[in-house]
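Next comes my_file21.cif, a file with mmCIF, C-alpha atoms.
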data_upload
#
loop_
_atom_site.label_atom_id
_atom_site.label_comp_id
_atom_site.auth_asym_id
_atom_site.auth_seq_id
_atom_site.Cartn_x
_atom_site.Cartn_y
_atom_site.Cartn_z
CA MET A 1 76.58 -13.15 41.34
CA LEU A 2 80.14 -12.65 42.43
CA GLY A 3 79.34 -9.17 43.72
CA GLN A 4 76.47 -10.58 45.70
CA SER A 5 78.58 -13.21 47.39
CA ILE A 6 81.31 -10.68 48.19
CA THR A 7 78.77 -8.37 49.80
CA ARG A 8 77.23 -11.22 51.76
CA ASN A 9 80.58 -12.49 52.99
CA SER A 10 81.86 -9.07 53.98
CA LEU A 11 78.69 -8.33 55.90
CA LEU A 12 78.99 -11.69 57.61
CA LEU A 13 82.59 -11.01 58.60
CA ALA A 14 81.71 -7.54 59.85
CA LEU A 15 78.84 -8.95 61.86
CA PHE A 16 81.13 -11.47 63.56
CA ALA A 17 83.77 -8.83 64.19
CA VAL A 18 81.16 -6.68 65.93
CA CYS A 19 79.75 -9.62 67.94
CA THR A 20 83.12 -10.92 69.15
CA THR A 21 84.34 -7.42 69.99
CA ALA A 22 81.16 -6.76 71.94
CA LEU A 23 81.68 -10.02 73.82
CA ILE A 24 85.26 -9.13 74.74
CA ALA A 25 84.29 -5.58 75.67
CA SER A 26 81.53 -6.73 77.99
CA THR A 27 83.79 -9.33 79.65
CA TYR A 28 86.41 -6.63 80.10
CA LEU A 29 83.94 -4.26 81.71
CA LEU A 30 82.60 -7.00 83.97
CA THR A 31 86.03 -8.13 85.18
CA LYS A 32 87.81 -4.76 85.21
CA ASP A 33 87.30 -4.03 88.91
CA ASP A 34 88.13 -7.57 89.99
CA ILE A 35 91.35 -7.51 87.98
CA ALA A 36 92.44 -4.18 89.44
CA GLN A 37 91.69 -5.53 92.90
CA GLN A 38 93.69 -8.73 92.23
CA LYS A 39 96.67 -6.77 90.95
CA ARG A 40 96.63 -4.62 94.08
CA LEU A 41 96.41 -7.67 96.32
CA ALA A 42 99.32 -9.35 94.55
CA GLU A 43 101.38 -6.19 94.88
CA GLU A 44 100.50 -5.79 98.54
CA LYS A 45 101.26 -9.43 99.31
CA ALA A 46 104.95 -8.99 98.53
CA LEU A 47 105.04 -5.77 100.55
CA LEU A 48 103.39 -7.49 103.52
CA GLU A 49 106.02 -10.22 103.44
CA ILE A 50 108.68 -7.59 104.07
CA VAL A 51 106.72 -5.46 106.55
CA PRO A 52 104.09 -7.65 108.23
CA LYS A 53 100.79 -6.19 109.44
CA ASN A 54 101.95 -5.89 113.08
CA ARG A 55 104.82 -3.56 112.16
CA HIS A 56 102.81 -0.88 110.38
CA ASP A 57 99.31 0.58 110.43
CA ASN A 58 99.02 2.52 107.17
CA SER A 59 98.08 1.42 103.67
CA MET A 60 101.46 1.09 101.96
CA LEU A 61 99.91 1.08 98.50
CA ASP A 62 98.57 4.60 99.09
CA ASP A 63 101.71 5.99 100.73
CA THR A 64 104.28 6.12 97.96
CA ILE A 65 107.11 8.16 96.52
CA PRO A 66 107.52 7.96 92.73
CA VAL A 67 110.87 6.78 91.37
CA GLY A 68 111.82 5.92 87.81
CA PRO A 69 114.57 5.41 85.25
CA GLU A 70 115.96 8.87 86.05
CA THR A 71 116.50 7.96 89.73
CA PRO A 72 120.24 7.29 90.15
CA GLY A 73 121.38 3.94 91.51
CA LEU A 74 118.17 1.94 91.20
CA GLY A 75 118.51 0.97 87.55
CA LEU A 76 114.74 1.03 87.00
CA LEU A 77 113.38 0.60 83.50
CA GLU A 78 109.96 2.08 84.16
CA GLN A 79 108.12 4.25 86.65
CA LYS A 80 107.85 2.54 90.05
CA HIS A 81 107.10 3.54 93.62
CA VAL A 82 108.90 3.47 96.91
CA TYR A 83 106.34 2.23 99.41
CA ILE A 84 106.37 3.73 102.89
CA ALA A 85 105.32 1.74 105.96
CA ARG A 86 104.35 3.77 109.03
CA LEU A 87 103.43 3.03 112.62
CA ASN A 88 101.58 5.87 114.37
CA GLY A 89 102.58 8.22 111.57
CA LYS A 90 106.34 7.55 111.86
CA VAL A 91 108.11 5.86 108.97
CA VAL A 92 109.36 2.39 109.98
CA THR A 93 110.39 0.98 106.62
CA ALA A 94 110.77 2.18 103.04
CA ILE A 95 110.35 -0.52 100.42
CA ILE A 96 112.54 0.38 97.46
CA PRO A 97 112.28 -1.17 93.98
CA VAL A 98 115.62 -1.92 92.37
CA VAL A 99 116.65 -3.76 89.21
CA ALA A 100 119.68 -6.02 88.99
CA PRO A 101 120.58 -5.62 85.29
CA ASP A 102 123.23 -8.34 85.37
CA GLY A 103 121.28 -11.51 86.15
CA TYR A 104 122.16 -14.68 84.24
CA THR A 105 119.00 -14.38 82.12
CA GLY A 106 118.36 -10.64 81.97
CA GLU A 107 117.08 -8.26 84.59
CA ILE A 108 115.99 -9.30 88.05
CA GLY A 109 113.34 -7.03 89.57
CA LEU A 110 113.73 -6.75 93.34
CA ILE A 111 112.17 -4.88 96.20
CA VAL A 112 114.34 -4.09 99.22
CA GLY A 113 112.82 -2.99 102.52
CA VAL A 114 115.09 -0.62 104.46
CA ASN A 115 114.25 0.19 108.07
CA ALA A 116 114.59 3.68 109.53
CA ASP A 117 117.77 2.56 111.35
CA GLY A 118 119.41 1.53 108.08
CA THR A 119 119.00 -2.23 108.46
CA ILE A 120 117.33 -4.41 105.87
CA ALA A 121 113.78 -5.56 106.64
CA GLY A 122 113.67 -7.95 103.71
CA VAL A 123 114.48 -8.57 100.06
CA ARG A 124 112.19 -10.20 97.50
CA ALA A 125 112.68 -11.01 93.82
CA LEU A 126 109.46 -10.04 92.03
CA THR A 127 110.43 -10.74 88.44
CA GLN A 128 113.17 -13.14 87.44
CA ARG A 129 113.82 -15.64 84.66
CA GLU A 130 116.92 -17.27 86.13
CA THR A 131 117.74 -20.89 85.37
CA PRO A 132 115.24 -23.22 87.09
CA GLY A 133 116.90 -25.18 89.87
CA LEU A 134 120.02 -23.01 89.93
CA GLY A 135 119.60 -19.25 89.75
CA ASP A 136 115.93 -19.21 90.62
CA LYS A 137 116.84 -19.77 94.26
CA VAL A 138 116.62 -15.99 94.64
CA ASP A 139 112.87 -16.57 94.65
CA ILE A 140 111.58 -17.06 98.20
CA LYS A 141 109.32 -19.88 96.93
CA LYS A 142 112.36 -21.92 95.92
CA SER A 143 114.86 -21.14 98.66
CA ASP A 144 115.14 -18.93 101.73
CA TRP A 145 118.46 -17.48 100.55
CA VAL A 146 117.07 -13.91 100.37
CA LEU A 147 116.41 -14.07 104.11
CA SER A 148 120.18 -13.87 104.66
CA PHE A 149 119.90 -10.14 103.93
CA VAL A 150 117.58 -9.44 106.86
CA GLY A 151 119.25 -7.25 109.51
CA ARG A 152 122.23 -6.39 107.31
CA SER A 153 123.15 -2.75 106.78
CA LEU A 154 125.87 -0.62 105.18
CA SER A 155 128.06 -1.20 108.26
CA ASN A 156 127.20 -4.91 108.66
CA PRO A 157 129.16 -6.10 106.78
CA THR A 158 131.38 -3.25 105.62
CA LEU A 159 131.52 -2.40 101.94
CA ASP A 160 134.12 -5.11 101.17
CA GLY A 161 131.83 -7.74 102.62
CA TRP A 162 128.94 -6.88 100.30
CA ALA A 163 129.75 -9.66 97.83
CA VAL A 164 129.32 -13.41 97.49
CA LYS A 165 131.78 -15.67 99.31
CA LYS A 166 133.56 -16.48 96.08
CA ASP A 167 134.41 -12.77 95.79
CA LYS A 168 135.56 -12.73 99.45
CA GLY A 169 132.23 -11.37 100.68
CA VAL A 170 129.87 -12.69 103.35
CA PHE A 171 126.90 -13.90 101.27
CA ASP A 172 126.52 -17.50 100.12
CA GLN A 173 126.42 -18.21 96.42
CA PHE A 174 124.36 -21.16 95.11
CA THR A 175 125.93 -24.39 94.01
CA GLY A 176 126.51 -23.98 90.30
CA ALA A 177 125.29 -20.39 90.12
CA THR A 178 127.35 -17.39 91.14
CA ILE A 179 126.17 -14.80 88.64
CA THR A 180 122.62 -14.54 89.95
CA PRO A 181 123.46 -14.06 93.66
CA ARG A 182 126.28 -11.69 92.70
CA ALA A 183 123.78 -9.53 90.80
CA VAL A 184 121.26 -9.60 93.65
CA VAL A 185 123.86 -8.72 96.30
CA ALA A 186 125.06 -5.77 94.22
CA ALA A 187 121.51 -4.52 93.61
CA THR A 188 120.62 -4.81 97.31
CA LEU A 189 123.71 -2.80 98.19
CA ARG A 190 122.67 -0.12 95.70
CA ALA A 191 119.22 0.07 97.29
CA LEU A 192 120.84 0.55 100.72
CA GLN A 193 123.06 3.29 99.37
CA PHE A 194 120.03 4.94 97.76
CA ALA A 195 118.22 4.84 101.11
CA GLN A 196 121.21 6.41 102.86
CA ALA A 197 121.58 9.15 100.27
CA ASN A 198 117.87 9.98 100.41
CA ARG A 199 117.23 9.57 104.14
CA LYS A 200 115.28 12.81 104.40
CA LEU A 201 113.08 12.08 101.42
CA LEU A 202 112.25 8.54 102.53
CA PHE A 203 112.12 8.54 106.29
CA GLU A 204 110.77 12.00 106.95
CA ALA A 205 108.24 11.86 104.15
CA PRO A 206 105.06 13.76 104.99
CA GLN A 207 102.06 11.57 105.59
CA PRO A 208 99.58 11.65 102.71
CA ALA A 209 96.13 13.05 103.42
CA PRO A 210 93.87 10.18 104.50
CA THR A 211 91.78 9.02 101.59
CA GLY A 212 89.16 7.51 103.82
CA ASP A 213 89.14 4.08 102.23
CA ASN A 214 92.28 2.55 103.71
CA SER A 215 91.28 -0.56 105.49
CA MET B 216 80.28 -38.38 59.66
CA ALA B 217 76.50 -38.54 59.85
CA GLU B 218 76.09 -40.39 63.12
CA VAL B 219 78.67 -39.95 65.85
CA SER B 220 78.71 -42.03 68.97
CA TYR B 221 80.00 -40.45 72.16
CA LYS B 222 82.01 -43.59 72.84
CA ASP B 223 83.93 -43.20 69.59
CA LEU B 224 84.49 -39.51 70.35
CA SER B 225 85.92 -40.34 73.77
CA LEU B 226 88.19 -43.05 72.41
CA ASN B 227 89.39 -40.68 69.70
CA GLY B 228 90.08 -37.74 71.95
CA LEU B 229 91.78 -39.64 74.73
CA TRP B 230 93.70 -42.27 72.82
CA LYS B 231 93.36 -43.06 69.10
CA ASN B 232 93.51 -39.50 67.85
CA ASN B 233 94.94 -37.74 70.90
CA PRO B 234 95.71 -34.14 69.90
CA ALA B 235 99.05 -34.04 71.68
CA ILE B 236 100.70 -37.38 70.95
CA VAL B 237 98.99 -38.58 67.76
CA GLN B 238 98.01 -35.44 65.89
CA LEU B 239 101.05 -33.70 67.42
CA LEU B 240 99.18 -30.40 67.47
CA GLY B 241 99.87 -27.58 69.89
CA LEU B 242 103.39 -28.70 70.67
CA CYS B 243 104.61 -25.20 71.57
CA PRO B 244 102.64 -24.84 74.82
CA LEU B 245 103.02 -28.56 75.44
CA LEU B 246 106.78 -28.27 75.49
CA ALA B 247 107.00 -24.88 77.15
CA VAL B 248 104.80 -25.09 80.23
CA THR B 249 105.12 -28.70 81.32
CA GLY B 250 108.00 -28.10 83.73
CA SER B 251 105.70 -28.87 86.63
CA VAL B 252 102.32 -30.49 87.26
CA VAL B 253 100.64 -27.30 88.44
CA ASN B 254 101.49 -25.43 85.23
CA ALA B 255 100.35 -28.40 83.16
CA ILE B 256 96.97 -28.59 84.90
CA GLY B 257 96.51 -24.84 84.54
CA LEU B 258 97.15 -24.78 80.81
CA GLY B 259 95.20 -28.01 80.31
CA LEU B 260 92.13 -26.53 81.98
CA ALA B 261 92.40 -23.26 80.05
CA THR B 262 92.80 -25.09 76.72
CA THR B 263 89.84 -27.35 77.48
CA MET B 264 87.64 -24.37 78.32
CA VAL B 265 88.60 -22.66 75.07
CA LEU B 266 87.97 -25.85 73.07
CA ILE B 267 84.49 -26.33 74.54
CA THR B 268 83.53 -22.70 73.98
CA SER B 269 84.90 -22.47 70.45
CA ASN B 270 83.48 -25.83 69.35
CA THR B 271 80.06 -24.90 70.73
CA ALA B 272 80.07 -21.49 69.05
CA VAL B 273 81.32 -22.84 65.73
CA SER B 274 78.71 -25.60 65.75
CA LEU B 275 75.95 -23.06 66.42
CA ILE B 276 76.88 -20.89 63.45
CA ARG B 277 77.96 -23.67 61.10
CA ASN B 278 74.95 -23.23 58.79
CA ILE B 279 75.19 -19.43 58.57
CA VAL B 280 78.82 -19.09 57.59
CA SER B 281 79.82 -19.71 53.99
CA ASP B 282 82.88 -21.75 53.14
CA ALA B 283 84.82 -18.73 51.83
CA VAL B 284 84.88 -16.84 55.12
CA ARG B 285 84.65 -19.70 57.58
CA LEU B 286 88.31 -19.65 58.65
CA PRO B 287 88.47 -15.93 59.54
CA VAL B 288 85.21 -16.28 61.40
CA PHE B 289 86.49 -19.30 63.35
CA VAL B 290 89.69 -17.47 64.23
CA MET B 291 87.68 -14.50 65.47
CA ILE B 292 85.55 -16.76 67.64
CA ILE B 293 88.59 -18.54 69.06
CA ALA B 294 90.45 -15.31 69.74
CA ALA B 295 87.40 -13.87 71.49
CA ALA B 296 87.01 -17.01 73.60
CA VAL B 297 90.68 -16.95 74.59
CA THR B 298 90.61 -13.27 75.48
CA CYS B 299 87.48 -13.68 77.60
CA ILE B 300 88.95 -16.67 79.43
CA GLU B 301 92.17 -14.75 79.97
CA LEU B 302 90.25 -11.85 81.51
CA LEU B 303 88.21 -14.19 83.69
CA MET B 304 91.33 -15.99 84.86
CA GLN B 305 92.98 -12.68 85.68
CA ALA B 306 89.96 -11.74 87.77
CA PHE B 307 89.44 -15.02 89.58
CA ALA B 308 92.72 -16.98 89.47
CA TYR B 309 95.32 -14.26 89.34
CA GLU B 310 98.30 -16.33 90.47
CA LEU B 311 97.66 -18.97 87.85
CA TYR B 312 97.36 -16.21 85.27
CA GLU B 313 100.79 -14.96 86.35
CA ILE B 314 102.33 -18.42 85.93
CA LEU B 315 100.86 -19.16 82.51
CA GLY B 316 101.75 -15.67 81.33
CA ILE B 317 102.26 -15.50 77.58
CA PHE B 318 101.01 -19.06 76.99
CA LEU B 319 97.46 -18.06 77.81
CA PRO B 320 96.98 -15.69 74.83
CA LEU B 321 99.01 -18.14 72.73
CA ILE B 322 96.21 -20.70 73.11
CA THR B 323 94.66 -18.82 70.17
CA THR B 324 97.40 -20.15 67.94
CA ASN B 325 97.14 -23.71 69.24
CA CYS B 326 96.31 -25.71 66.14
CA VAL B 327 94.21 -28.19 68.11
CA ILE B 328 91.53 -25.56 68.51
CA LEU B 329 91.23 -24.38 64.92
CA GLY B 330 91.66 -28.00 63.84
CA ARG B 331 88.68 -29.21 65.87
CA ALA B 332 86.59 -26.17 64.90
CA ASP B 333 87.11 -26.75 61.20
CA GLY B 334 87.44 -30.51 61.21
CA PHE B 335 84.63 -31.42 63.55
CA ALA B 336 82.45 -28.66 64.98
CA SER B 337 81.70 -27.09 61.59
CA ARG B 338 80.08 -30.36 60.44
CA ASN B 339 78.37 -31.63 63.57
CA SER B 340 75.50 -30.60 65.79
CA LEU B 341 75.81 -28.86 69.13
CA GLY B 342 75.96 -31.83 71.52
CA PRO B 343 78.69 -33.85 69.83
CA SER B 344 80.72 -30.70 69.08
CA ALA B 345 80.73 -29.53 72.68
CA TYR B 346 81.57 -33.05 73.82
CA ASP B 347 84.34 -33.33 71.24
CA GLY B 348 85.79 -30.07 72.55
CA PHE B 349 85.67 -31.40 76.09
CA ILE B 350 87.20 -34.78 75.33
CA MET B 351 89.92 -33.42 73.02
CA GLY B 352 90.78 -30.90 75.72
CA ALA B 353 90.87 -33.68 78.28
CA GLY B 354 93.15 -35.76 76.06
CA PHE B 355 95.47 -32.80 75.63
CA ALA B 356 95.39 -32.03 79.37
CA CYS B 357 96.16 -35.67 80.29
CA VAL B 358 99.32 -35.62 78.18
CA LEU B 359 100.28 -32.23 79.63
CA VAL B 360 99.88 -33.51 83.19
CA LEU B 361 101.71 -36.77 82.50
CA LEU B 362 104.57 -34.88 80.89
CA GLY B 363 104.58 -32.31 83.72
CA ALA B 364 104.72 -35.06 86.34
CA LEU B 365 107.55 -36.94 84.59
CA ARG B 366 109.61 -33.78 84.13
CA GLU B 367 109.00 -32.47 87.62
CA LEU B 368 109.87 -35.86 89.13
CA THR B 369 113.11 -36.35 87.20
CA GLY B 370 113.98 -32.67 87.40
CA THR B 371 113.39 -31.98 91.08
CA GLY B 372 112.77 -35.36 92.73
CA ALA B 373 109.26 -34.38 93.79
CA VAL B 374 105.80 -33.88 92.24
CA PHE B 375 102.81 -31.64 92.93
CA ALA B 376 104.89 -28.72 94.25
CA ASN B 377 103.12 -25.33 94.58
CA MET B 378 99.69 -26.83 94.02
CA ASP B 379 98.28 -24.08 96.27
CA LEU B 380 98.58 -21.71 93.30
CA LEU B 381 95.74 -23.59 91.67
CA PHE B 382 93.74 -25.20 94.46
CA GLY B 383 94.05 -22.70 97.31
CA ALA B 384 96.07 -22.69 100.51
CA GLY B 385 94.85 -26.18 101.53
CA ALA B 386 96.87 -27.71 98.71
CA ALA B 387 100.18 -26.26 99.86
CA ASP B 388 101.30 -29.57 101.38
CA TRP B 389 100.33 -31.82 98.46
CA LYS B 390 103.95 -31.97 97.39
CA ILE B 391 105.27 -35.52 97.42
CA GLU B 392 109.01 -35.83 97.77
CA PHE B 393 110.27 -39.11 96.35
CA PHE B 394 113.98 -38.58 96.77
CA PRO B 395 115.10 -36.34 99.63
CA ASN B 396 118.29 -34.35 98.89
CA TYR B 397 117.75 -34.89 95.18
CA GLN B 398 120.32 -33.19 92.97
CA PRO B 399 118.22 -31.21 90.46
CA PHE B 400 118.43 -32.70 86.96
CA LEU B 401 118.23 -29.57 84.82
CA LEU B 402 117.87 -31.28 81.46
CA ALA B 403 114.42 -32.56 82.42
CA ILE B 404 113.10 -29.12 83.34
CA LEU B 405 114.59 -27.23 80.41
CA PRO B 406 113.02 -27.47 76.91
CA PRO B 407 115.18 -30.42 75.68
CA GLY B 408 113.71 -32.51 78.46
CA ALA B 409 110.26 -31.77 77.09
CA PHE B 410 111.22 -33.15 73.67
CA ILE B 411 112.81 -36.26 75.15
CA PHE B 412 109.86 -37.09 77.40
CA THR B 413 107.29 -36.36 74.69
CA GLY B 414 109.20 -38.80 72.46
CA LEU B 415 109.20 -41.42 75.20
CA ILE B 416 105.45 -41.02 75.79
CA ILE B 417 104.75 -41.43 72.06
CA ALA B 418 106.99 -44.50 71.99
CA VAL B 419 105.19 -46.10 74.92
CA LYS B 420 101.83 -45.39 73.29
CA ASN B 421 103.01 -47.04 70.08
CA ILE B 422 104.21 -50.11 72.00
CA ILE B 423 100.82 -50.41 73.70
CA ASP B 424 99.05 -50.00 70.34
CA ASP B 425 101.23 -52.78 68.85
CA GLN B 426 100.39 -55.08 71.74
CA ILE B 427 96.68 -54.39 71.30
CA LYS B 428 96.95 -55.09 67.57
CA LYS B 429 98.77 -58.37 68.19
CA ARG B 430 96.19 -59.45 70.74
CA GLU B 431 93.38 -58.60 68.34
CA ALA B 432 95.07 -60.59 65.60
CA ALA B 433 95.46 -63.50 68.02
CA LEU B 434 91.79 -63.24 69.01
CA LYS B 435 90.77 -63.31 65.37
CA ALA B 436 92.80 -66.44 64.85
CA GLN B 437 91.35 -68.18 67.88
CA PRO B 438 87.67 -68.65 66.93
CA VAL B 439 88.72 -70.98 64.15
CA LYS B 440 90.62 -73.13 66.63
CA GLY B 441 87.72 -72.98 69.04
CA ALA B 442 85.30 -74.00 66.37
CA LYS B 443 87.44 -76.99 65.52
CA ARG B 444 87.55 -78.07 69.12
CA VAL B 445 83.77 -77.84 69.34
CA ARG B 446 83.52 -80.11 66.38
CA VAL B 447 86.09 -82.48 67.88
CA THR B 448 84.28 -82.72 71.20
CA GLY B 449 81.09 -83.11 69.22
CA THR B 450 82.32 -86.20 67.46
CA VAL B 451 83.75 -87.73 70.63
CA SER B 452 80.51 -87.49 72.59
#
Encoded form using structure tokens:
Amino acid sequence: MLGQSITRNSLLLALFAVCTTALIASTYLLTKDDIAQQKRLAEEKALLEIVPKNRHDNSMLDDTIPVGPETPGLGLLEQKHVYIARLNGKVVTAIIPVVAPDGYTGEIGLIVGVNADGTIAGVRALTQRETPGLGDKVDIKKSDWVLSFVGRSLSNPTLDGWAVKKDKGVFDQFTGATITPRAVVAATLRALQFAQANRKLLFEAPQPAPTGDNS
Amino acid sequence: MAEVSYKDLSLNGLWKNNPAIVQLLGLCPLLAVTGSVVNAIGLGLATTMVLITSNTAVSLIRNIVSDAVRLPVFVMIIAAAVTCIELLMQAFAYELYEILGIFLPLITTNCVILGRADGFASRNSLGPSAYDGFIMGAGFACVLVLLGALRELTGTGAVFANMDLLFGAGAADWKIEFFPNYQPFLLAILPPGAFIFTGLIIAVKNIIDDQIKKREAALKAQPVKGAKRVRVTGTVS
């Protein structure tokens, strides 16, 4: 009696495990391509904000240089890519991932676009958990503060000026939040220095063989 | 619970037995994502979808599953429903998926869902179970949206910001700014604000319930008076 009910119940459980797993597996297979596509689009959207379509004619997602935790200066925690934007085969901008480890609430993941002439094309915070209403102004959706980096370079301002105003630099801090902008300014500076130290690698990178499906 | 009327179900889900402010189930997502209206609507919709799916599935298999293994089976069904909805959302509403982040898989652990599966769907037929899932989800979503609106308004001085994440580019200008140059009120947006506003909403609901009870008591008392008057007028004429 007891044995019978145990057998019946275990079979029932196994049956449901198989059914639900099959359901999840089929949903996964059906949505796999769409999800990959969406991830790519989301990634490209941030890149396009820094280098708009009229400034480049290649597919940035397919023209990359791998960087990772071992790359000095960027502070990355995982494998990432530098994305290269080209116009007529010549590199116009390299979009460099950099992590500011000293945000108010942990790491801030940034991408910094550096033009071939050493000026900044744009900065975007991709991942941040800064305090809502204060530190989260590094996000372009909340405030256009990050636009104040556009056009800056290692000589504009000079090294002393690469700090928030409170630290006698040229960049605004936010009311009530100095730590976040301080971290972002420092990380942006490190990305610029990385670009300068690796000029050859970034701006004379060989063009990848056309894959045929860049649109 | 032999016969269930859809009217009773609606009243229960939306007001009398509202999962969020009467049963106080699923408080974790309720408190965590209601910083803005758009997040609240997103999680409300996702929870409602899971509730409908899980209630329907549980109702369909209610006569096959024995009492001993019913809970593991229900949990498997709920987890599968959540995972599928998460995948679908990732494929078709990626930005919303990004916003809801960890709270999407956490719907599995929302007690409202297992509660309705075990408490209602496992004892009722398909139609009422699916409807109960829908209306309970709606009740939960209403509280989420109300809380989101209150917190967003007191926190930032505006409501309906970033609605384009959910409703497409056309919704980008739905934002209504009530107080220009509003100094952000952090407490409302951070978790403590969620507790305070949830408490206020429950208090208001209790006040309304008291009023209704008083009125009902008054109505019950009246017919006697009315009857007397009828008799009085009767004797006069």
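Between CA of Ala36 (chain A) and CA of Ala387 (chain B) there is a distance of 25.6 Å.
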Please report, as a Markdown table, each residue of chain A lying at most 8 Å from chain B, together with the nearest pair of atoms and the separation in Å rounded to one decimal; use only C-alpha atoms, and order rows by chain and ascending residue number.
| residue | atom | partner | partner_atom | distance |
| --- | --- | --- | --- | --- |
| A:Asn9 | CA | B:Val284 | CA | 6.5 |
| A:Leu12 | CA | B:Val280 | CA | 7.4 |
| A:Leu13 | CA | B:Val288 | CA | 6.5 |
| A:Phe16 | CA | B:Val288 | CA | 6.7 |
| A:Ala17 | CA | B:Met291 | CA | 7.0 |
| A:Thr20 | CA | B:Ala295 | CA | 5.7 |
| A:Thr21 | CA | B:Ala295 | CA | 7.3 |
| A:Leu23 | CA | B:Ala295 | CA | 7.3 |
| A:Ile24 | CA | B:Cys299 | CA | 5.8 |
| A:Thr27 | CA | B:Cys299 | CA | 6.1 |
| A:Tyr28 | CA | B:Leu302 | CA | 6.6 |
| A:Thr31 | CA | B:Ala306 | CA | 5.9 |
| A:Lys32 | CA | B:Ala306 | CA | 7.7 |
| A:Asp34 | CA | B:Ala306 | CA | 5.1 |
| A:Ile35 | CA | B:Ala306 | CA | 4.5 |
| A:Gln38 | CA | B:Tyr309 | CA | 6.4 |
| A:Lys39 | CA | B:Tyr309 | CA | 7.8 |
| A:Pro132 | CA | B:Ile404 | CA | 7.3 |
| A:Gly133 | CA | B:Pro399 | CA | 6.2 |
Output of the PyMOL selection byres ((chain A and resi 111) around 8), listed as a ChimeraX atom specification: /A:95-98,109-110,112-113,123-126
Ground truth for the PyMOL selection byres ((chain A and resi 100) around 9), written as a VMD selection string: chain A and resid 74 to 76 98 to 99 101 to 103 106 to 110 183 to 188
Go ahead and dump the residues you just picked, C-alpha atoms, as an mmCIF file, in the frame of the given file.
data_model
loop_
_atom_site.group_PDB
_atom_site.id
_atom_site.type_symbol
_atom_site.label_atom_id
_atom_site.label_comp_id
_atom_site.auth_asym_id
_atom_site.auth_seq_id
_atom_site.Cartn_x
_atom_site.Cartn_y
_atom_site.Cartn_z
ATOM 1 C CA LEU A 74 118.170 1.940 91.200
ATOM 2 C CA GLY A 75 118.510 0.970 87.550
ATOM 3 C CA LEU A 76 114.740 1.030 87.000
ATOM 4 C CA VAL A 98 115.620 -1.920 92.370
ATOM 5 C CA VAL A 99 116.650 -3.760 89.210
ATOM 6 C CA PRO A 101 120.580 -5.620 85.290
ATOM 7 C CA ASP A 102 123.230 -8.340 85.370
ATOM 8 C CA GLY A 103 121.280 -11.510 86.150
ATOM 9 C CA GLY A 106 118.360 -10.640 81.970
ATOM 10 C CA GLU A 107 117.080 -8.260 84.590
ATOM 11 C CA ILE A 108 115.990 -9.300 88.050
ATOM 12 C CA GLY A 109 113.340 -7.030 89.570
ATOM 13 C CA LEU A 110 113.730 -6.750 93.340
ATOM 14 C CA ALA A 183 123.780 -9.530 90.800
ATOM 15 C CA VAL A 184 121.260 -9.600 93.650
ATOM 16 C CA VAL A 185 123.860 -8.720 96.300
ATOM 17 C CA ALA A 186 125.060 -5.770 94.220
ATOM 18 C CA ALA A 187 121.510 -4.520 93.610
ATOM 19 C CA THR A 188 120.620 -4.810 97.310
#
Surrounding residues of Pro244 (chain B) excluding itself and chain neighbours under 4 positions, 10 Å, all atoms listed in the file, as a list of chain:residue names: B:Leu240, B:Val248, B:Thr249, B:Ala255, B:Leu258, B:Gly259, B:Leu315, B:Ile317, B:Phe318, B:Leu319, B:Leu321, B:Ile322, B:Thr324, B:Asn325, B:Leu359
Computed interatomic separation between CA of Arg338 (chain B) and CA of Ala272 (chain B) (Å): 12.4 Å
